[in-house]
Structures are given as C-alpha cells and as structure tokens.
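Single-structure report; data block below.
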Amino acid sequence: MRRVVGIEEWRRLAEDQRLAGRRVGLVPTMGALHAGHRSLVAAARANGDFVIMTIFVNPRQFNDPADLRAYPRAPESDRALAESFGVDALVEPTMAEMWPSYPEPTPTTVSVAGLGDVLEGAGRPGHFDGVASVVAKLAIVTGPSRAYFGEKDFQQLAVVRRMVLDLGLDVEVVGCAIVRDEDGLALSSRNVRLDAQARARALSLSRALALAAEHGGPASALREVMRATMVAADVVVGYADVVDPVTLEPLGDDATGRARALVAGVVDGVRLIDNREIELRKGR
C-alpha cells in the first residue's frame, strides 16, 4: 500500500492509473476504520478499481466543537487496517492543503439546498455544506473516478449524488449496503463510545426500523411506531421519518411503494443514525 500526503502526488497518482487504463475507486473516510469501510473497499476491488482511500477528519462538517474533539482517531491502526482491506493508496492530506485558511472560515462553500437542510441538516446547521465541500474537493483532486459511500449515511449519499449531478463532476457515485454487527447495530465509528448498557439501548434504532418495515404503513403510523420504540429505550429522539428515497421529502399517508425510513437518536451523548428501505402499503 502506498501512502500519500500531498495533493499533487495524489493527483498524479490517480492520473497515472487512468493513463495505464485503470479506473480509480475513491473511498473517502474520516478514519476510525471498521468493517463498513472494508465493504466499500471490497466493492471497489470487485469493480476492478485502483483503490484510493482518503482519511481526513473534516472540521467543516462538525457544528459542535465538542463532537469534533471527541471524534475517534487511531492513525496507526487505520493504516494497518487500510492495508489489510486491500487499499492500493492511502491518502492522508494535511489540513493546510485541504483548508488553507483553517481555523478561519473557508471562503468557498458547496451547498446543496433542500436535501442538506432537512433531517440531519435541520439539527446540525452547516453540516452538509461541510460534507459537500470536502467531497467536491476530494473528487476534483482525484479526477474521473468511482466514489464509494455507505448507505448508513443515506442523506449524505443523496446530497453527494445531487452535487455530482448539478456540478457535472466526472464521478460515478456508488452506494453500498449498510453493514451491521450481529446484534443489528449499524456499524459506525461512533459505536466505540458506547458502553454495554448504552449499546443495548442503541439497538432500539434498528428495532424501530424493523417494526416500521413489518408494519408497512401508513407513513404517519410508522413515524409513531419508530419514535415510541426509541423513547421506550430512553433514547433522545432526533427524528423518525419516512421519506422519498431521492428527494428526502416526507411522505403522506396516501403514499405507497418504495420509501426510506430514517431515524436519529442520542444515547449517553453519542448521536447515532440508521435507516432502512421499506415498502409502504395501504390498508394497514
């Protein structure tokens, strides 16, 4: 595995691979790697890509400084894991190259209106501006590529897809299925902050989604079921919604067909999110 720090080396490496006839697969991460990240690398390798993984804890997507300070960092472990996953090149760009004016605000921002303002965006102002801005920069430096994102961060995936479409970036966005532990908890870098008791309560998120999928509708009833399930586990509910899987607009009780159920909650100070595709049915 090749380790890269500088943007110019990173840019040349990707271009050299394309000149050699290979497609570049970009796997953006903020480190604290786990099996969910491994699945993204596996998807890229299955497509025959030269896999470039980036690790960069992006401060612009944290609206809470305490959350940024608490974000887990394990650079040595991450490097070993990235190599074990089969990453071809690991890029760890410096803050000075990514956001030269940091900690002062960065003048240039990419913002996806609508998609970035609801759900996570409603409670975390500026979060998706930070996400869109950093992903745009990663994509621009890497150049034509496939970019792999997990569906666990479903809203992020929707925002990135819209940004790529609107800006005409030469990037194919690939969404990969959520990876879960045996108990059903969606893998997340934040899970390491949960003790055994908190983890048991956190399982109410995936349980709420399973109940929603079993229930089938109408949408308002699913929202009540999901919220009640999390509240019963003493989870502070951020949201429990049923939305259109592309626009993320809330669905009414007359809606049928494919939808996305999304939940967010705080367990002992740790914010967790989860989601699931569901099929809305009438007559429930």
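Residues are named by chain letter and number: chains run A, B, ... in the order of the structure tokens, numbers start at 1 in each chain, and ligands are numbered from 1 in the order shown.
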All helix (DSSP H, G or I) residues (DSSP, backbone) inside range 88-172 of chain A, as a ChimeraX atom specification: /A:95-98,120-123,127-142,151-167
Excluding same-chain residues fewer than 6 positions from Val51 in chain A, what lies within 10 Å of it counting only C-alpha atoms, as an mmCIF file with C-alpha atoms, in the first residue's frame?
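Once everything was written out, this is selection-v1.cif:
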```cif
data_model
loop_
_atom_site.group_PDB
_atom_site.id
_atom_site.type_symbol
_atom_site.label_atom_id
_atom_site.label_comp_id
_atom_site.auth_asym_id
_atom_site.auth_seq_id
_atom_site.Cartn_x
_atom_site.Cartn_y
_atom_site.Cartn_z
ATOM 1 C CA MET A 1 0.000 0.000 0.000
ATOM 2 C CA ALA A 14 -4.696 8.961 -9.934
ATOM 3 C CA ARG A 23 -10.433 3.090 -13.265
ATOM 4 C CA VAL A 24 -9.835 4.821 -9.937
ATOM 5 C CA GLY A 25 -12.075 3.954 -6.989
ATOM 6 C CA LEU A 26 -12.247 6.643 -4.307
ATOM 7 C CA VAL A 27 -13.209 5.663 -0.757
ATOM 8 C CA LEU A 40 -16.551 -0.143 0.430
ATOM 9 C CA VAL A 41 -13.021 -1.214 -0.485
ATOM 10 C CA ALA A 42 -14.297 -4.679 -1.380
ATOM 11 C CA ALA A 43 -16.899 -3.154 -3.700
ATOM 12 C CA ALA A 44 -14.230 -1.061 -5.413
ATOM 13 C CA ARG A 45 -11.929 -4.039 -5.836
ATOM 14 C CA GLY A 86 -6.605 -4.170 0.153
ATOM 15 C CA VAL A 87 -6.306 -0.408 -0.336
ATOM 16 C CA ASP A 88 -3.801 0.456 -3.080
ATOM 17 C CA ALA A 89 -3.062 4.008 -1.912
ATOM 18 C CA LEU A 90 -3.873 5.702 1.367
ATOM 19 C CA SER A 145 -13.401 8.040 -10.708
ATOM 20 C CA ARG A 146 -15.979 5.942 -8.945
ATOM 21 C CA ALA A 147 -16.680 7.104 -5.379
#
```
Within 6 Å of Asp253 in chain A using only C-alpha atoms, minus same-chain residues under 2 positions, as a ChimeraX atom specification: /A:218-219,255
Residues near range 120-130 of chain A, cut-off 9 Å, only C-alpha atoms, skip fewer than 5 positions along chain, as an NGL selection string: :A and (58-64 or 109-112 or 115 or 135 or 155-156 or 159 or 238-239 or 264 or 273)
DSSP strand (DSSP E or B) residues within range 54-211 of chain A, listed as a ChimeraX atom specification: /A:54-55,89-91,145-150,171-176,180,186
Selection from above, N, CA and C atoms, as a CSV table (one decimal), in the first residue's frame, can you write it?
```csv
chain,number,residue,atom,x,y,z
A,54,THR,N,-9.1,7.9,1.3
A,54,THR,CA,-8.7,9.1,1.9
A,54,THR,C,-9.1,9.1,3.4
A,55,ILE,N,-8.2,9.5,4.3
A,55,ILE,CA,-8.6,9.7,5.7
A,55,ILE,C,-8.3,11.2,6.0
A,89,ALA,N,-3.7,2.8,-2.3
A,89,ALA,CA,-3.1,4.0,-1.9
A,89,ALA,C,-3.9,4.7,-0.8
A,90,LEU,N,-3.2,5.0,0.3
A,90,LEU,CA,-3.9,5.7,1.4
A,90,LEU,C,-3.4,7.2,1.4
A,91,VAL,N,-4.4,8.1,1.2
A,91,VAL,CA,-4.1,9.5,1.2
A,91,VAL,C,-4.5,10.1,2.5
A,145,SER,N,-13.5,9.2,-11.6
A,145,SER,CA,-13.4,8.0,-10.7
A,145,SER,C,-14.8,7.5,-10.4
A,146,ARG,N,-14.8,6.4,-9.7
A,146,ARG,CA,-16.0,5.9,-8.9
A,146,ARG,C,-15.8,6.3,-7.5
A,147,ALA,N,-16.8,6.8,-6.8
A,147,ALA,CA,-16.7,7.1,-5.4
A,147,ALA,C,-17.7,6.3,-4.6
A,148,TYR,N,-17.2,5.6,-3.5
A,148,TYR,CA,-18.0,4.7,-2.8
A,148,TYR,C,-18.4,5.2,-1.4
A,149,PHE,N,-19.7,5.2,-1.2
A,149,PHE,CA,-20.3,5.7,0.1
A,149,PHE,C,-21.2,4.6,0.7
A,150,GLY,N,-21.2,4.5,2.0
A,150,GLY,CA,-22.2,3.6,2.6
A,150,GLY,C,-23.6,4.2,2.8
A,171,VAL,N,-17.7,11.8,-11.8
A,171,VAL,CA,-17.7,10.8,-10.7
A,171,VAL,C,-18.9,9.9,-10.8
A,172,GLU,N,-18.7,8.6,-10.7
A,172,GLU,CA,-19.9,7.7,-10.6
A,172,GLU,C,-20.0,7.4,-9.1
A,173,VAL,N,-21.1,7.8,-8.5
A,173,VAL,CA,-21.3,7.6,-7.1
A,173,VAL,C,-21.9,6.2,-6.9
A,174,VAL,N,-21.3,5.4,-6.1
A,174,VAL,CA,-21.7,4.0,-5.8
A,174,VAL,C,-22.2,3.9,-4.3
A,175,GLY,N,-23.4,3.6,-4.1
A,175,GLY,CA,-23.9,3.4,-2.7
A,175,GLY,C,-23.8,1.9,-2.4
A,176,CYS,N,-23.3,1.7,-1.2
A,176,CYS,CA,-23.1,0.3,-0.7
A,176,CYS,C,-23.9,0.0,0.6
A,180,ARG,N,-23.9,-4.3,9.4
A,180,ARG,CA,-24.4,-4.4,10.8
A,180,ARG,C,-23.6,-5.4,11.6
A,186,ALA,N,-26.0,-0.8,13.3
A,186,ALA,CA,-25.3,-0.3,12.1
A,186,ALA,C,-23.9,0.1,12.6
```
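Take the candidates A:Met95, A:Leu187, A:Ala208, A:Ile7 and check each one against His34 in chain A using only C-alpha atoms; the shortest distance goes to A:Leu187.
In this comparison, which uses only C-alpha atoms, the residue of A:Ile52, A:Ala233, A:Ala259, A:Ala177 approaching Gln17 in chain A most closely is A:Ile52.
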Polymer residues at most 10 Å from range 265-271 of chain A, only C-alpha atoms, same-chain spacing of 5 or more positions, as a ChimeraX atom specification: /A:67,70,190-195,197-202,204-205,227,230-231,233-240
Atoms to include: N, CA and C atoms. Write the selected residues as a CSV table (one decimal), in the first residue's frame.
```csv
chain,number,residue,atom,x,y,z
A,67,ASP,N,-18.0,17.7,19.6
A,67,ASP,CA,-18.2,16.5,18.8
A,67,ASP,C,-16.9,16.2,18.0
A,70,ALA,N,-14.2,14.9,20.2
A,70,ALA,CA,-14.5,13.5,20.7
A,70,ALA,C,-14.4,12.5,19.6
A,190,ARG,N,-18.6,5.9,15.7
A,190,ARG,CA,-19.1,6.4,17.0
A,190,ARG,C,-19.4,5.3,18.0
A,191,ASN,N,-19.6,4.1,17.5
A,191,ASN,CA,-20.0,3.0,18.3
A,191,ASN,C,-19.0,2.7,19.5
A,192,VAL,N,-17.8,3.0,19.2
A,192,VAL,CA,-16.7,2.7,20.3
A,192,VAL,C,-17.0,3.6,21.5
A,193,ARG,N,-17.8,4.6,21.4
A,193,ARG,CA,-18.1,5.5,22.6
A,193,ARG,C,-19.2,4.9,23.4
A,194,LEU,N,-19.8,3.8,23.0
A,194,LEU,CA,-21.0,3.3,23.7
A,194,LEU,C,-20.5,2.2,24.7
A,195,ASP,N,-20.9,2.3,26.0
A,195,ASP,CA,-20.6,1.1,26.9
A,195,ASP,C,-21.7,0.1,26.6
A,197,GLN,N,-24.3,-1.0,28.3
A,197,GLN,CA,-25.7,-0.5,28.6
A,197,GLN,C,-26.2,0.4,27.5
A,198,ALA,N,-25.4,1.3,27.1
A,198,ALA,CA,-25.8,2.3,26.1
A,198,ALA,C,-25.9,1.6,24.7
A,199,ARG,N,-25.1,0.6,24.5
A,199,ARG,CA,-25.2,-0.1,23.2
A,199,ARG,C,-26.6,-0.9,23.2
A,200,ALA,N,-27.0,-1.5,24.3
A,200,ALA,CA,-28.2,-2.2,24.3
A,200,ALA,C,-29.4,-1.2,24.0
A,201,ARG,N,-29.3,0.0,24.5
A,201,ARG,CA,-30.4,1.0,24.2
A,201,ARG,C,-30.3,1.4,22.8
A,202,ALA,N,-29.1,1.5,22.2
A,202,ALA,CA,-28.9,1.9,20.8
A,202,ALA,C,-29.5,1.0,19.8
A,204,SER,N,-32.4,0.0,19.8
A,204,SER,CA,-33.7,0.5,19.6
A,204,SER,C,-33.9,1.1,18.2
A,205,LEU,N,-32.8,1.7,17.7
A,205,LEU,CA,-32.9,2.3,16.3
A,205,LEU,C,-33.1,1.3,15.3
A,227,ARG,N,-40.7,6.3,16.7
A,227,ARG,CA,-40.4,7.2,17.8
A,227,ARG,C,-40.7,6.6,19.2
A,230,MET,N,-38.0,4.1,20.2
A,230,MET,CA,-36.7,4.7,20.7
A,230,MET,C,-37.0,5.3,22.1
A,231,VAL,N,-38.1,6.0,22.3
A,231,VAL,CA,-38.4,6.7,23.6
A,231,VAL,C,-38.4,5.6,24.7
A,233,ALA,N,-36.7,3.1,25.0
A,233,ALA,CA,-35.4,2.7,25.3
A,233,ALA,C,-34.6,3.8,25.9
A,234,ASP,N,-35.3,4.9,26.2
A,234,ASP,CA,-34.6,6.1,26.8
A,234,ASP,C,-33.6,6.7,25.9
A,235,VAL,N,-33.9,6.7,24.6
A,235,VAL,CA,-33.1,7.4,23.6
A,235,VAL,C,-33.7,8.7,23.3
A,236,VAL,N,-32.9,9.8,23.2
A,236,VAL,CA,-33.3,11.1,22.9
A,236,VAL,C,-33.5,11.2,21.4
A,237,VAL,N,-34.7,11.2,20.9
A,237,VAL,CA,-35.0,11.1,19.5
A,237,VAL,C,-34.7,12.4,18.8
A,238,GLY,N,-33.9,12.3,17.7
A,238,GLY,CA,-33.6,13.4,16.9
A,238,GLY,C,-34.7,13.5,15.8
A,239,TYR,N,-35.0,12.4,15.2
A,239,TYR,CA,-36.1,12.4,14.2
A,239,TYR,C,-36.4,10.9,13.9
A,240,ALA,N,-37.6,10.7,13.4
A,240,ALA,CA,-38.1,9.4,13.0
A,240,ALA,C,-39.0,9.7,11.8
```
Spatial neighbours of Ser220 in chain A, 12 Å, only C-alpha atoms, chain gap at least 5 places, as a ChimeraX atom specification: /A:212,215,225-227,240-243,250-255,261,280,284
Distance criterion (only C-alpha atoms): nearest to Arg2 in chain A out of A:Asp78, A:Glu83, A:Asp166, A:Glu151: A:Glu83
CA of Leu165 in chain A to CA of Ala96 in chain A, distance in Å rounded to a single decimal: 28.5 Å
